[in-house]
>>> print(open('entry-v4.cif').read())   # mmCIF, C-alpha atoms
data_target
#
loop_
_atom_site.label_atom_id
_atom_site.label_comp_id
_atom_site.auth_asym_id
_atom_site.auth_seq_id
_atom_site.Cartn_x
_atom_site.Cartn_y
_atom_site.Cartn_z
CA MET A 296 -107.91 -97.71 -6.84
CA SER A 297 -105.99 -95.93 -9.60
CA LEU A 298 -102.31 -96.49 -10.22
CA ARG A 299 -101.48 -92.86 -9.50
CA ARG A 300 -103.18 -93.02 -6.11
CA LYS A 301 -101.22 -96.13 -5.23
CA LEU A 302 -97.90 -94.58 -6.22
CA LEU A 303 -97.78 -91.74 -3.73
CA ILE A 304 -94.13 -92.56 -3.08
CA VAL A 305 -93.20 -91.68 -6.65
CA PRO A 306 -92.42 -87.96 -7.12
CA LEU A 307 -94.19 -86.56 -10.14
CA THR A 308 -92.22 -83.35 -10.50
CA PHE A 309 -90.37 -83.62 -13.79
CA ALA A 310 -87.62 -81.16 -12.97
CA CYS A 311 -86.34 -83.18 -10.04
CA CYS A 312 -85.15 -86.03 -12.26
CA GLY A 313 -81.37 -85.95 -12.16
CA LEU A 314 -81.12 -87.65 -15.52
CA LEU A 315 -83.37 -85.22 -17.37
CA ILE A 316 -82.17 -84.32 -20.83
CA ALA A 317 -83.94 -81.10 -21.68
CA ALA A 318 -85.03 -80.48 -25.22
CA ASP A 319 -83.61 -77.51 -27.11
CA PRO A 320 -85.82 -74.55 -26.22
CA VAL A 321 -88.37 -73.72 -28.90
CA PRO A 322 -90.31 -70.48 -28.47
CA MET A 323 -93.83 -71.37 -27.47
CA GLN A 324 -96.67 -68.89 -27.15
CA PRO A 325 -98.74 -69.23 -23.99
CA VAL A 326 -101.78 -71.38 -24.47
CA PRO A 327 -104.84 -70.45 -22.42
CA PRO A 328 -105.81 -73.24 -20.00
CA VAL A 329 -108.84 -75.32 -20.86
CA LYS A 330 -110.94 -76.51 -17.95
CA PRO A 331 -110.82 -80.34 -17.88
CA VAL A 332 -114.15 -81.96 -18.57
CA TYR A 333 -113.16 -85.52 -17.69
CA GLY A 334 -112.00 -87.33 -14.60
CA PHE A 335 -110.40 -90.67 -13.83
CA SER A 336 -111.10 -93.35 -16.45
CA THR A 337 -113.18 -91.06 -18.65
CA LEU A 338 -110.76 -90.03 -21.41
CA LYS A 339 -112.09 -92.02 -24.34
CA ALA A 340 -111.54 -92.04 -28.08
CA MET A 341 -114.05 -89.72 -29.75
CA THR A 342 -116.71 -90.96 -32.13
CA VAL A 343 -117.64 -89.34 -35.43
CA ALA A 344 -120.80 -88.03 -33.77
CA GLU A 345 -118.67 -86.22 -31.17
CA ALA A 346 -115.92 -84.89 -33.42
CA LYS A 347 -117.89 -83.88 -36.52
CA PRO A 348 -119.95 -81.03 -34.98
CA LYS A 349 -116.83 -79.49 -33.42
CA LEU A 350 -115.10 -79.27 -36.78
CA GLU A 351 -118.19 -78.06 -38.61
CA ALA A 352 -118.53 -75.21 -36.12
CA TRP A 353 -114.83 -74.33 -36.44
CA LEU A 354 -114.83 -74.34 -40.25
CA LYS A 355 -117.87 -72.09 -40.26
CA SER A 356 -116.17 -69.73 -37.79
CA VAL A 357 -113.16 -69.32 -40.10
CA GLY A 358 -115.32 -69.04 -43.24
CA LYS A 359 -114.07 -72.24 -44.89
CA PHE A 360 -117.01 -74.59 -44.56
CA ASN A 361 -118.06 -76.44 -47.71
CA ARG A 362 -120.79 -78.98 -47.06
CA ALA A 363 -119.89 -81.35 -49.90
CA GLU A 364 -116.16 -81.39 -49.13
CA PHE A 365 -116.80 -81.75 -45.42
CA ASN A 366 -119.21 -84.65 -45.78
CA GLY A 367 -116.80 -86.37 -48.16
CA VAL A 368 -114.21 -86.58 -45.41
CA TRP A 369 -116.25 -88.89 -43.19
CA THR A 370 -115.99 -92.22 -44.99
CA PRO A 371 -116.02 -95.74 -43.52
CA THR A 372 -112.49 -96.35 -44.84
CA ARG A 373 -111.03 -93.61 -42.64
CA SER A 374 -110.55 -93.82 -38.90
CA VAL A 375 -112.01 -90.99 -36.83
CA GLY A 376 -108.52 -89.59 -36.29
CA GLU A 377 -107.74 -89.61 -40.01
CA ALA A 378 -111.06 -87.95 -40.83
CA VAL A 379 -110.50 -85.27 -38.19
CA LEU A 380 -107.08 -84.38 -39.64
CA GLU A 381 -108.53 -84.36 -43.16
CA ALA A 382 -111.32 -82.03 -42.06
CA ILE A 383 -108.87 -79.74 -40.28
CA GLY A 384 -106.86 -79.60 -43.50
CA LEU A 385 -109.88 -78.04 -45.25
CA GLY A 386 -109.52 -74.97 -43.07
CA LEU A 387 -105.82 -75.19 -42.23
CA PRO A 388 -103.93 -76.61 -45.24
CA GLU A 389 -100.54 -76.17 -43.56
CA SER A 390 -101.49 -78.77 -40.94
CA GLU A 391 -101.90 -81.50 -43.54
CA ALA A 392 -98.63 -80.51 -45.23
CA LEU A 393 -96.77 -80.47 -41.90
CA ILE A 394 -97.74 -84.00 -40.88
CA SER A 395 -97.40 -85.62 -44.32
CA GLU A 396 -93.98 -84.03 -44.91
CA THR A 397 -92.79 -85.15 -41.47
CA LYS A 398 -93.82 -88.73 -42.23
CA ARG A 399 -92.06 -88.68 -45.60
CA ALA A 400 -88.91 -86.81 -44.62
CA GLY A 401 -85.71 -88.76 -44.15
CA THR A 402 -84.60 -86.30 -41.48
CA PRO A 403 -87.46 -84.92 -39.35
CA PRO A 404 -87.75 -81.16 -38.78
CA THR A 405 -85.84 -79.63 -35.89
CA ALA A 406 -88.36 -76.95 -34.95
CA VAL A 407 -92.05 -76.80 -34.10
CA PRO A 408 -93.91 -74.24 -36.25
CA ALA A 409 -95.07 -71.19 -34.31
CA TRP A 410 -98.64 -71.43 -35.60
CA LEU A 411 -99.06 -74.75 -33.79
CA SER A 412 -98.91 -72.94 -30.44
CA ASP A 413 -100.96 -69.93 -31.52
CA ALA A 414 -103.39 -69.11 -28.73
CA LYS A 415 -105.88 -67.84 -31.33
CA LEU A 416 -106.13 -71.25 -32.98
CA ASP A 417 -109.14 -73.30 -31.89
CA PRO A 418 -108.04 -75.51 -28.92
CA PHE A 419 -109.62 -78.65 -30.40
CA VAL A 420 -107.87 -78.10 -33.73
CA ARG A 421 -104.56 -77.16 -32.14
CA SER A 422 -104.50 -80.16 -29.78
CA ASN A 423 -105.30 -82.75 -32.43
CA VAL A 424 -102.85 -81.39 -35.01
CA ALA A 425 -100.13 -81.17 -32.34
CA ALA A 426 -100.83 -84.74 -31.22
CA ALA A 427 -100.57 -86.06 -34.78
CA TYR A 428 -97.36 -84.09 -35.33
CA ALA A 429 -95.87 -85.28 -32.03
CA LYS A 430 -96.68 -88.88 -32.96
CA ALA A 431 -95.06 -88.49 -36.39
CA LEU A 432 -91.93 -87.01 -34.79
CA ALA A 433 -91.75 -89.79 -32.19
CA SER A 434 -92.04 -92.38 -34.97
CA LYS A 435 -88.95 -90.76 -36.52
CA ARG A 436 -87.15 -90.86 -33.14
CA ALA A 437 -87.14 -87.04 -32.94
CA TYR A 438 -88.19 -87.34 -29.32
CA GLU A 439 -87.19 -83.90 -28.05
CA GLU A 440 -89.19 -82.15 -30.79
CA SER A 441 -92.10 -84.52 -30.18
CA LEU A 442 -92.23 -83.48 -26.53
CA THR A 443 -92.02 -79.81 -27.50
CA ALA A 444 -95.01 -80.23 -29.81
CA SER A 445 -96.91 -81.94 -26.97
CA LYS A 446 -96.76 -78.80 -24.84
CA SER A 447 -99.66 -77.23 -26.74
CA ILE A 448 -101.95 -80.25 -26.26
CA THR A 449 -105.00 -80.43 -24.01
CA PRO A 450 -105.57 -84.20 -23.54
CA GLU A 451 -109.28 -83.79 -22.81
CA LEU A 452 -109.81 -82.45 -26.35
CA LEU A 453 -108.07 -85.27 -28.19
CA VAL A 454 -109.76 -87.67 -30.56
CA ASP A 455 -107.26 -90.37 -29.53
CA PRO A 456 -105.92 -89.69 -26.00
CA ALA A 457 -104.39 -93.18 -25.71
CA SER A 458 -102.07 -92.55 -28.65
CA TYR A 459 -101.01 -89.21 -27.15
CA PHE A 460 -100.08 -90.60 -23.72
CA PHE A 461 -98.38 -93.65 -25.23
CA HIS A 462 -96.14 -91.78 -27.68
CA LYS A 463 -95.41 -89.13 -25.09
CA ALA A 464 -94.23 -91.87 -22.69
CA VAL A 465 -92.08 -93.40 -25.45
CA ALA A 466 -90.36 -90.04 -26.02
CA GLU A 467 -89.88 -89.46 -22.30
CA HIS A 468 -88.49 -92.96 -21.80
CA ALA A 469 -86.02 -92.50 -24.66
CA THR A 470 -84.82 -89.17 -23.25
CA MET A 471 -84.46 -90.58 -19.71
CA GLN A 472 -87.27 -88.56 -18.09
CA ARG A 473 -88.16 -91.09 -15.41
CA ASP A 474 -90.84 -89.16 -13.51
CA ALA A 475 -92.50 -87.99 -16.71
CA VAL A 476 -92.77 -91.62 -17.89
CA VAL A 477 -94.43 -92.56 -14.61
CA LEU A 478 -97.06 -89.84 -15.03
CA SER A 479 -97.77 -90.48 -18.72
CA VAL A 480 -98.11 -94.26 -18.30
CA SER A 481 -100.22 -93.79 -15.18
CA ARG A 482 -102.61 -91.56 -17.10
CA LEU A 483 -102.68 -94.03 -20.00
CA LEU A 484 -103.61 -96.93 -17.73
CA ASP A 485 -105.83 -95.01 -15.30
CA ASP A 486 -107.62 -92.47 -17.44
CA VAL A 487 -108.10 -94.16 -20.82
CA PRO A 488 -110.19 -97.30 -20.32
CA ASP A 489 -110.38 -98.07 -24.05
CA ALA A 490 -106.63 -97.78 -24.65
CA PRO A 491 -105.41 -100.49 -27.07
CA ASP A 492 -103.93 -103.51 -25.35
CA ARG A 493 -100.61 -103.11 -27.19
CA TYR A 494 -100.28 -99.64 -25.61
CA ARG A 495 -101.09 -101.03 -22.18
CA VAL A 496 -98.55 -103.87 -22.48
CA VAL A 497 -95.68 -101.71 -23.73
CA GLY A 498 -96.61 -98.88 -21.34
CA THR A 499 -96.42 -101.25 -18.38
CA MET A 500 -93.00 -102.48 -19.50
CA MET A 501 -91.73 -98.89 -19.74
CA PHE A 502 -93.11 -98.09 -16.30
CA LEU A 503 -91.47 -101.11 -14.68
CA ASP A 504 -88.24 -100.46 -16.54
CA VAL A 505 -87.81 -96.92 -15.18
CA GLN A 506 -88.43 -98.21 -11.64
CA GLN A 507 -85.13 -100.05 -11.98
CA TRP A 508 -83.10 -97.10 -13.23
CA SER A 509 -80.40 -96.10 -10.80
CA LYS A 510 -80.50 -92.56 -9.43
CA ASP A 511 -76.72 -92.47 -9.58
CA ASP A 512 -75.57 -90.44 -12.59
CA LYS A 513 -72.37 -92.52 -12.66
CA ASP A 514 -74.26 -95.79 -13.04
CA LEU A 515 -73.00 -97.49 -16.21
CA ALA A 516 -76.51 -98.22 -17.44
CA ASN A 517 -77.35 -94.51 -17.23
CA ILE A 518 -74.17 -93.61 -19.08
CA THR A 519 -75.07 -96.16 -21.75
CA ARG A 520 -78.48 -94.49 -22.15
CA LEU A 521 -76.74 -91.15 -22.66
CA MET A 522 -74.55 -92.76 -25.31
CA ASP A 523 -77.66 -94.12 -27.03
CA ASN A 524 -79.20 -90.63 -27.04
CA SER A 525 -76.05 -89.11 -28.47
CA GLY A 526 -75.91 -91.74 -31.22
CA ARG A 527 -79.60 -91.28 -32.03
CA ARG A 528 -79.22 -87.52 -32.37
CA LEU A 529 -76.19 -87.91 -34.62
CA ASP A 530 -78.17 -90.35 -36.79
CA LEU A 531 -80.80 -87.61 -37.15
CA ALA A 532 -78.19 -85.00 -38.14
CA ARG A 533 -78.59 -83.22 -34.81
CA GLY A 534 -74.96 -82.69 -33.91
CA GLY A 535 -75.44 -79.24 -32.39
CA PRO A 536 -75.02 -77.83 -28.87
CA GLN A 537 -77.49 -80.20 -27.21
CA THR A 538 -75.75 -83.30 -28.55
CA GLN A 539 -72.38 -81.84 -27.59
CA GLU A 540 -73.70 -81.27 -24.05
CA ILE A 541 -74.78 -84.91 -23.84
CA GLN A 542 -71.34 -86.00 -24.99
CA LYS A 543 -69.71 -83.82 -22.32
CA LYS A 544 -71.89 -85.50 -19.70
CA ILE A 545 -70.80 -88.91 -20.95
CA VAL A 546 -67.10 -88.05 -20.69
CA PHE A 547 -67.52 -86.41 -17.27
CA ARG A 548 -69.56 -89.27 -15.80
CA LEU A 549 -67.22 -91.91 -17.17
CA ASP A 550 -64.31 -90.04 -15.60
CA GLU A 551 -66.18 -89.88 -12.29
CA LYS A 552 -67.00 -93.60 -12.51
CA ILE A 553 -63.34 -94.46 -13.10
CA LYS A 554 -62.33 -92.36 -10.08
CA GLN A 555 -65.00 -94.07 -7.98
CA LEU A 556 -63.78 -97.54 -8.98
CA GLU A 557 -60.16 -96.57 -8.30
CA ASN A 558 -61.07 -95.31 -4.82
CA GLU A 559 -63.03 -98.47 -4.08
CA ALA A 560 -60.06 -100.57 -5.18
CA LYS A 561 -57.73 -98.59 -2.90
CA LYS A 562 -60.07 -99.01 0.07
CA LYS A 563 -60.37 -102.71 -0.61
CA GLN A 564 -56.62 -103.06 -0.78
CA ALA A 565 -56.25 -101.09 2.45
CA GLY A 566 -58.83 -103.32 4.12
CA LYS A 567 -56.89 -106.42 3.18
CA GLY A 568 -53.81 -104.88 4.81
CA ASP A 569 -55.74 -104.18 8.01
CA GLN A 570 -57.02 -107.75 8.16
CA ALA A 571 -53.51 -109.07 7.64
CA GLY A 572 -52.42 -106.99 10.64
CA GLY A 573 -55.23 -108.36 12.81
CA LYS A 574 -57.46 -105.28 12.54
CA SER A 575 -60.48 -106.83 10.97
CA GLY A 576 -63.75 -104.94 11.29
CA LYS A 577 -67.30 -105.81 10.41
CA GLN A 578 -67.82 -108.36 7.75
CA PRO A 579 -69.79 -107.36 4.65
CA GLY A 580 -73.55 -107.53 5.28
CA GLU A 581 -73.26 -107.19 9.08
CA GLY A 582 -75.23 -104.43 10.72
CA PRO A 583 -77.57 -101.94 9.03
CA PRO A 584 -76.83 -100.75 5.50
CA SER A 585 -74.59 -97.68 5.35
CA THR A 586 -76.98 -95.86 2.98
CA PRO A 587 -80.75 -96.13 2.55
CA MET A 588 -82.01 -98.24 -0.29
CA GLU A 589 -82.99 -96.05 -3.24
CA ASP A 590 -85.26 -98.49 -5.00
CA SER A 591 -88.88 -97.40 -4.70
CA MET A 592 -90.19 -100.93 -5.13
CA GLY A 593 -89.21 -102.10 -1.69
CA GLY A 594 -86.81 -104.81 -0.59
CA THR A 595 -84.47 -105.91 2.15
CA ASN A 596 -80.75 -105.61 2.80
CA ALA A 597 -80.33 -108.42 0.30
CA GLY A 598 -81.35 -106.12 -2.57
CA PRO A 599 -84.28 -104.29 -4.17
CA GLY A 600 -87.50 -106.01 -5.16
CA GLN A 601 -87.48 -105.89 -8.95
CA VAL A 602 -89.48 -107.51 -11.69
CA ASP A 603 -87.56 -109.61 -14.19
CA LEU A 604 -88.27 -107.65 -17.38
CA LYS A 605 -86.28 -110.06 -19.54
CA LYS A 606 -88.43 -112.93 -18.32
CA MET A 607 -91.59 -110.91 -19.01
CA ARG A 608 -90.45 -110.21 -22.57
CA ASN A 609 -89.65 -113.88 -23.11
CA TYR A 610 -93.11 -114.91 -21.88
CA GLU A 611 -94.70 -112.23 -24.06
CA ALA A 612 -93.03 -113.72 -27.15
CA VAL A 613 -94.45 -117.22 -26.52
CA TRP A 614 -97.68 -116.33 -24.71
CA ALA A 615 -99.91 -117.54 -27.53
CA LYS A 616 -98.36 -121.03 -27.32
CA LEU A 617 -98.70 -121.53 -23.56
CA PRO A 618 -101.56 -123.61 -22.08
CA GLU A 619 -104.10 -121.86 -19.88
CA LEU A 620 -102.90 -123.36 -16.59
CA GLU A 621 -99.33 -122.27 -17.25
CA ARG A 622 -100.47 -118.74 -18.17
CA LYS A 623 -102.41 -118.50 -14.91
CA LYS A 624 -99.46 -119.73 -12.88
CA ILE A 625 -97.08 -117.24 -14.52
CA THR A 626 -99.53 -114.41 -13.83
CA GLN A 627 -99.92 -115.41 -10.18
CA ASP A 628 -96.15 -115.76 -9.71
CA PHE A 629 -95.50 -112.28 -11.08
CA VAL A 630 -98.29 -110.73 -9.01
CA ARG A 631 -96.97 -112.38 -5.83
CA SER A 632 -93.41 -111.24 -6.55
CA MET A 633 -94.35 -107.57 -6.79
CA PRO A 634 -95.12 -105.03 -4.07
CA LYS A 635 -98.83 -104.67 -3.33
CA LYS A 636 -99.14 -101.29 -5.06
CA PHE A 637 -98.10 -102.79 -8.41
CA GLU A 638 -100.57 -105.68 -8.39
CA PRO A 639 -103.28 -103.88 -10.44
CA MET A 640 -100.74 -102.94 -13.09
CA ILE A 641 -99.33 -106.48 -13.42
CA GLU A 642 -102.82 -107.99 -13.54
CA ASP A 643 -103.84 -105.47 -16.21
CA TYR A 644 -100.67 -106.28 -18.18
CA PHE A 645 -101.49 -109.99 -18.33
CA ARG A 646 -105.17 -109.31 -19.13
CA SER A 647 -104.05 -107.21 -22.10
CA LEU A 648 -101.58 -109.90 -23.14
CA ASN A 649 -104.40 -112.46 -23.09
CA ARG A 650 -106.64 -110.26 -25.25
CA ILE A 651 -103.86 -109.59 -27.75
CA ASN A 652 -103.40 -113.34 -28.19
CA GLY A 653 -107.13 -114.13 -28.43
CA PHE A 654 -107.61 -115.51 -24.91
CA LYS A 655 -110.23 -114.49 -22.40
CA PRO A 656 -108.86 -111.86 -19.98
#
>>> encode(input="entry-v4.cif", output="structure tokens")
Amino acid sequence: MSLRRKLLIVPLTFACCGLLIAADPVPMQPVPPVKPVYGFSTLKAMTVAEAKPKLEAWLKSVGKFNRAEFNGVWTPTRSVGEAVLEAIGLGLPESEALISETKRAGTPPTAVPAWLSDAKLDPFVRSNVAAAYAKALASKRAYEESLTASKSITPELLVDPASYFFHKAVAEHATMQRDAVVLSVSRLLDDVPDAPDRYRVVGTMMFLDVQQWSKDDKDLANITRLMDNSGRRLDLARGGPQTQEIQKKIVFRLDEKIKQLENEAKKKQAGKGDQAGGKSGKQPGEGPPSTPMEDSMGGTNAGPGQVDLKKMRNYEAVWAKLPELERKKITQDFVRSMPKKFEPMIEDYFRSLNRINGFKP
């Protein structure tokens, strides 16, 4: 059963995330919907035999097909993705310039070019250029712009769908879009069977990490993430209205947190006075909890059921040095410690970790 089907308790509506940091609006032309041609576990990296005819037909349609130049693109030294972008550059030179300049630039661009969302542009061409651009932006930590570029992408038309879902999840994780991370990682793990193991390992860590994010805006960890976003944007010379809005949120939430702690201290002090006067009430932990547990991973009154991400990272660093029996025991311990719905994900994580380190899955 797919991860998404097991996670029915997780809301997948992006707008409901209280911690959403929206990207600066960039005008985007409507892109006509493309009927999906794949289902679960059928989004695979394209081969040369699949991609080459699509680009030959497109170049002919725009009157820029040159047989010698086109055939020269498809060399053994280039990956399929690199060859596709090179071939697109024959008919759309600005695409090659856009991606190469983004990779070279010290400060990545702040806007997505309008032509990248042009509904008249071939959907296959548009999706693959946008995916390469979004990846380049994410590599520069320009996450908001990366997500804006991703809006014009149809995943079913991508040469490398695994790279798209992975870098999209990275950008969503960095900008605190919890529900979006859940969906992107779920699609990476469920729909792309040939996704690289490094994507699967890191994607799983991101997924488990967001499960532990508090839904309380005043939570110090959430405020710290806002601070990180503000610092990142300032590093990228993005000190405009959006950064200023993030900084306002930080100040407001810190003020609210201080007020909350002061009120809790007053109540605690008042409770001590009541006990001194012989008016003791229920002891902590007695009776049902006063509020429902927010953690979606289950648990008891003692606390939420959470995976130890620090321990997972430590094991990941030394996995190649561990004997087989110890690796199996660690895997079994983690699987047993997690709610049933997460078992396939944890098992897949350790299978990928084994393959990365040259062990049998």
>>> resolve_selection(input="entry-v4.cif", expression="the PyMOL selection byres ((chain A and resi 387-404) around 7)", output="count of residues only")
13
>>> closest_residue(input="entry-v4.cif", among="A:Ala425, A:Met607, A:Leu521, A:Met640", to="Thr449 (chain A)", atoms="all atoms listed in the file")
A:Ala425
>>> atom_distance(input="entry-v4.cif", atom1="CA of Lys359 (chain A)", atom2="CA of Tyr459 (chain A)")
27.8 Å
>>> resolve_selection(input="entry-v4.cif", expression="the PyMOL selection byres ((chain A and resi 419) around 8)", output="ChimeraX atom specification")
/A:349,417-418,420-423,452-453
>>> closest_residue(input="entry-v4.cif", among="A:Ile541, A:Ala615, A:Ala426, A:Val630", to="Gly653 (chain A)", atoms="only C-alpha atoms")
A:Ala615
>>> atom_distance(input="entry-v4.cif", atom1="CA of Tyr610 (chain A)", atom2="CA of Lys430 (chain A)")
28.5 Å
>>> resolve_selection(input="entry-v4.cif", expression="the PyMOL selection byres ((chain A and resi 500) around 12)", output="compact mmCIF listing (two decimals) with C-alpha atoms, in the coordinates of the input")
# COMPACT_ATOMS: atom_id res chain seq x y z
CA PHE A 461 -98.38 -93.65 -25.23
CA ALA A 464 -94.23 -91.87 -22.69
CA VAL A 465 -92.08 -93.40 -25.45
CA HIS A 468 -88.49 -92.96 -21.80
CA VAL A 476 -92.77 -91.62 -17.89
CA VAL A 477 -94.43 -92.56 -14.61
CA VAL A 480 -98.11 -94.26 -18.30
CA ARG A 493 -100.61 -103.11 -27.19
CA TYR A 494 -100.28 -99.64 -25.61
CA ARG A 495 -101.09 -101.03 -22.18
CA VAL A 496 -98.55 -103.87 -22.48
CA VAL A 497 -95.68 -101.71 -23.73
CA GLY A 498 -96.61 -98.88 -21.34
CA THR A 499 -96.42 -101.25 -18.38
CA MET A 501 -91.73 -98.89 -19.74
CA PHE A 502 -93.11 -98.09 -16.30
CA LEU A 503 -91.47 -101.11 -14.68
CA ASP A 504 -88.24 -100.46 -16.54
CA VAL A 505 -87.81 -96.92 -15.18
CA GLN A 506 -88.43 -98.21 -11.64
CA GLN A 507 -85.13 -100.05 -11.98
CA VAL A 602 -89.48 -107.51 -11.69
CA ASP A 603 -87.56 -109.61 -14.19
CA LEU A 604 -88.27 -107.65 -17.38
CA LYS A 605 -86.28 -110.06 -19.54
CA LYS A 606 -88.43 -112.93 -18.32
CA MET A 607 -91.59 -110.91 -19.01
CA ARG A 608 -90.45 -110.21 -22.57
CA GLU A 611 -94.70 -112.23 -24.06
CA MET A 640 -100.74 -102.94 -13.09
CA ILE A 641 -99.33 -106.48 -13.42
CA ASP A 643 -103.84 -105.47 -16.21
CA TYR A 644 -100.67 -106.28 -18.18
CA PHE A 645 -101.49 -109.99 -18.33
CA LEU A 648 -101.58 -109.90 -23.14
>>> atom_distance(input="entry-v4.cif", atom1="CA of Gly367 (chain A)", atom2="CA of Met341 (chain A)")
18.9 Å
>>> axis_aligned_box(input="entry-v4.cif", around="region 377-391 of chain A", padding_each_side="6 Å", output="AutoDock Vina command-line options")
--center_x -105.9 --center_y -82.3 --center_z -41.7 --size_x 22.8 --size_y 26.6 --size_z 19.1
>>> closest_residue(input="entry-v4.cif", among="A:Gly535, A:Trp410, A:Leu529, A:Ile545", to="Ala516 (chain A)", atoms="all atoms listed in the file")
A:Ile545
>>> closest_residue(input="entry-v4.cif", among="A:Ala612, A:Ala457, A:Val379, A:Ile448", to="Glu345 (chain A)", atoms="all atoms listed in the file")
A:Val379
>>> closest_residue(input="entry-v4.cif", among="A:Val546, A:Leu338, A:Asn517, A:Ala466", to="Pro488 (chain A)", atoms="all atoms listed in the file")
A:Leu338
